[in-house]
Amino acid sequence: MEITLSILLVFMIVGAVYALFAKDLLSALISCGIVGYGLVICFLLLKAPDLAIVQIVVETITLVIMVAVILDSTRKDLKENIVIREKGIPFINARYVFNVLTVVVLTLFFLFFFNQAIDRLEPLGQHVTRMATGYIENAAEKTGSANLVTGIIFDFRGYDTLGEATILFTAVMGVLTILRLKGRKEQVNGE
Amino acid sequence: MSPIVKKVTQLVSGIIFLYGIYIILHGHLTPGGGFAGGAILAGSFILLVLAFGSDVLRLRTKEEGSSLTESLAILAFVLMATMAMLLGTKIFFSNFLPKGHIGELISAGVIPLYNIAVGIEVAAALFTIFLALVIYKEEITK
């Protein structure tokens with residue numbers, strides 16, 4: 001189980017890193033899709049089908065919209081060669097060594113504390129908090145909903161759901177405000 | 001788009017729409033719920049617009065309609081949340097309807113109604129964003 005998850009996570013990291021160095025915007029986008037669909041399989045393996053359904057649908061819609069945007073936009077931007085270093089300066093200089101040393105030291109630092117932190121945790125999937133136990137034992141009787149996830153997010157965590165709906169509403173208002181071309185032109189002409 | 005894409009879209013989009021409604025209505029019984037079902041509904045609309053295309057005027061009226069639908073759905077959600085306070089329970093997000101038997105389609109009190117409101121809200125929001133992008137592109141290319 002954990003080995004499968006680790007392989008999937010490494011696969012997703014490879015896809016995300018490839019998206020940074022891809023020559024073409026379309027291939028970068030598709031390698032970003034690897035991350036999303038890998039996450040779907042991770043959710044299914046961790047027994048979270050609600051999240052898996054949401055993730056697969058949202059990922060597909062996002063990918064379709066982004067592909068439609070990219071196919072219509074100009075693709076000349078990435079054809080230029082990115083200048084990595086200036087000419088005349090040797091590749092390994094003091095700054096390079098300093099950067100690499102900083103990264104290595106910080107990585108070791110965080111790995112040490114990560115190891116300390118997960119030492120006391122239960123294995124994956126074993127919940128220890130009091131609230132989770134109460135939810136799992138009593139949610140079905142208290143809310144009357146057979147799907148515990150829906151019962152929790154609409155009854156115990158109603159404020160969270162209201163916040164999510166408000167965020168979506170605000171996003172739509174922002175998109176409509178930014179992309180409304182006609183009103184802005186009329187206002188400019190009218191002044 | 002080619003005739004093959006149009007025909008397949010005609011055949012498939014209705015089934016996707018029905019599946020989204022199924023996911024929303026059975027949100028309190030099976031995995032899924034308002035968010036997932038609403039995204040599937042929006043996907044069926046987006047598929048139709050992508051396959052058939054449309055002129056800007058019709059898209060603009062559709063955008064007005066979906067924006068209005070989205071606002072009304074979130075208003076209905078907030079009204080349902082405050083309904084229990086009006087009825088005298090004094091608890092926000094209180095489940096004031098009878099709960100029924102666990103596992104039946106009509107059970108769990110207000111939760112299916114919340115699911116329907118959130119589903120309509122998510123579907124209309126995603127569709128509005130997509131339509132705004134399409135209309136923006138058409139106006140830019142003019």
# chains A, B, ... in the order shown; residues from 1 in each chain; ligands from 1
>>> residues_around(residues="Ile23 (chain B)", least_positions_apart="2", cutoff="7 Å", atoms="only C-alpha atoms", output="list in words")
Tyr19, Gly20, Ile21, Leu25, His26, Gly27, Gly32, Gly33 and Gly37 of chain B
>>> write_last_selection(atoms="C-alpha atoms", output="tab-separated table (two decimals), in the first residue's frame")
chain	number	residue	atom	x	y	z
B	19	TYR	CA	-25.47	10.96	-14.34
B	20	GLY	CA	-24.74	14.33	-12.73
B	21	ILE	CA	-28.33	14.57	-11.47
B	25	LEU	CA	-29.71	13.33	-5.68
B	26	HIS	CA	-27.96	10.29	-4.16
B	27	GLY	CA	-25.31	12.43	-2.46
B	32	GLY	CA	-20.39	12.02	-4.44
B	33	GLY	CA	-22.59	14.95	-3.62
B	37	GLY	CA	-22.46	16.25	-9.42
>>> interface_residues(of="chain A", to="chain B", cutoff="7 Å", atoms="only C-alpha atoms", output="MDAnalysis selection string")
chainID A and resid 49:50 53:54 57:58 61 143:147 150:151 154:155 158 168:169 172 175:176 179
>>> atom_distance(atom1="CA of Ile153 (chain A)", atom2="CA of Leu72 (chain B)")
21.1 Å
>>> select_by_dssp(residues="region 13-54 of chain B", states="helix (DSSP H, G or I)", output="PyMOL selection string")
chain B and resi 13-25+34-52
>>> write_last_selection(atoms="C-alpha atoms", output="PDB file, in the first residue's frame")
ATOM      1  CA  SER B  13     -24.266  14.734 -23.320  1.00  0.00           C
ATOM      2  CA  GLY B  14     -27.741  13.785 -22.126  1.00  0.00           C
ATOM      3  CA  ILE B  15     -26.404  10.705 -20.393  1.00  0.00           C
ATOM      4  CA  ILE B  16     -23.689  12.778 -18.681  1.00  0.00           C
ATOM      5  CA  PHE B  17     -26.380  15.239 -17.553  1.00  0.00           C
ATOM      6  CA  LEU B  18     -28.512  12.434 -16.083  1.00  0.00           C
ATOM      7  CA  TYR B  19     -25.475  10.962 -14.335  1.00  0.00           C
ATOM      8  CA  GLY B  20     -24.743  14.332 -12.733  1.00  0.00           C
ATOM      9  CA  ILE B  21     -28.326  14.569 -11.474  1.00  0.00           C
ATOM     10  CA  TYR B  22     -28.043  11.017 -10.096  1.00  0.00           C
ATOM     11  CA  ILE B  23     -24.817  11.888  -8.258  1.00  0.00           C
ATOM     12  CA  ILE B  24     -26.444  14.996  -6.728  1.00  0.00           C
ATOM     13  CA  LEU B  25     -29.705  13.329  -5.682  1.00  0.00           C
ATOM     14  CA  GLY B  34     -23.220  18.510  -4.619  1.00  0.00           C
ATOM     15  CA  PHE B  35     -19.713  19.428  -5.717  1.00  0.00           C
ATOM     16  CA  ALA B  36     -19.025  16.317  -7.806  1.00  0.00           C
ATOM     17  CA  GLY B  37     -22.465  16.249  -9.418  1.00  0.00           C
ATOM     18  CA  GLY B  38     -22.389  19.957 -10.172  1.00  0.00           C
ATOM     19  CA  ALA B  39     -19.018  19.619 -11.870  1.00  0.00           C
ATOM     20  CA  ILE B  40     -20.386  16.753 -14.006  1.00  0.00           C
ATOM     21  CA  LEU B  41     -23.416  18.879 -15.003  1.00  0.00           C
ATOM     22  CA  ALA B  42     -21.106  21.734 -15.973  1.00  0.00           C
ATOM     23  CA  GLY B  43     -19.027  19.243 -17.972  1.00  0.00           C
ATOM     24  CA  SER B  44     -22.031  18.225 -20.089  1.00  0.00           C
ATOM     25  CA  PHE B  45     -22.815  21.890 -20.895  1.00  0.00           C
ATOM     26  CA  ILE B  46     -19.161  22.631 -21.693  1.00  0.00           C
ATOM     27  CA  LEU B  47     -19.054  19.598 -23.998  1.00  0.00           C
ATOM     28  CA  LEU B  48     -22.058  20.909 -25.944  1.00  0.00           C
ATOM     29  CA  VAL B  49     -20.557  24.399 -26.338  1.00  0.00           C
ATOM     30  CA  LEU B  50     -17.168  22.993 -27.371  1.00  0.00           C
ATOM     31  CA  ALA B  51     -18.641  20.639 -29.968  1.00  0.00           C
ATOM     32  CA  PHE B  52     -21.258  22.863 -31.570  1.00  0.00           C
TER      33      PHE B  52
END
>>> atom_distance(atom1="CA of Ile56 (chain A)", atom2="CA of Gly36 (chain A)")
7.6 Å
>>> closest_residue(among="A:Ala68, A:Val103, A:Ala19, A:Ile152", to="Ala132 (chain A)", atoms="only C-alpha atoms")
A:Ile152
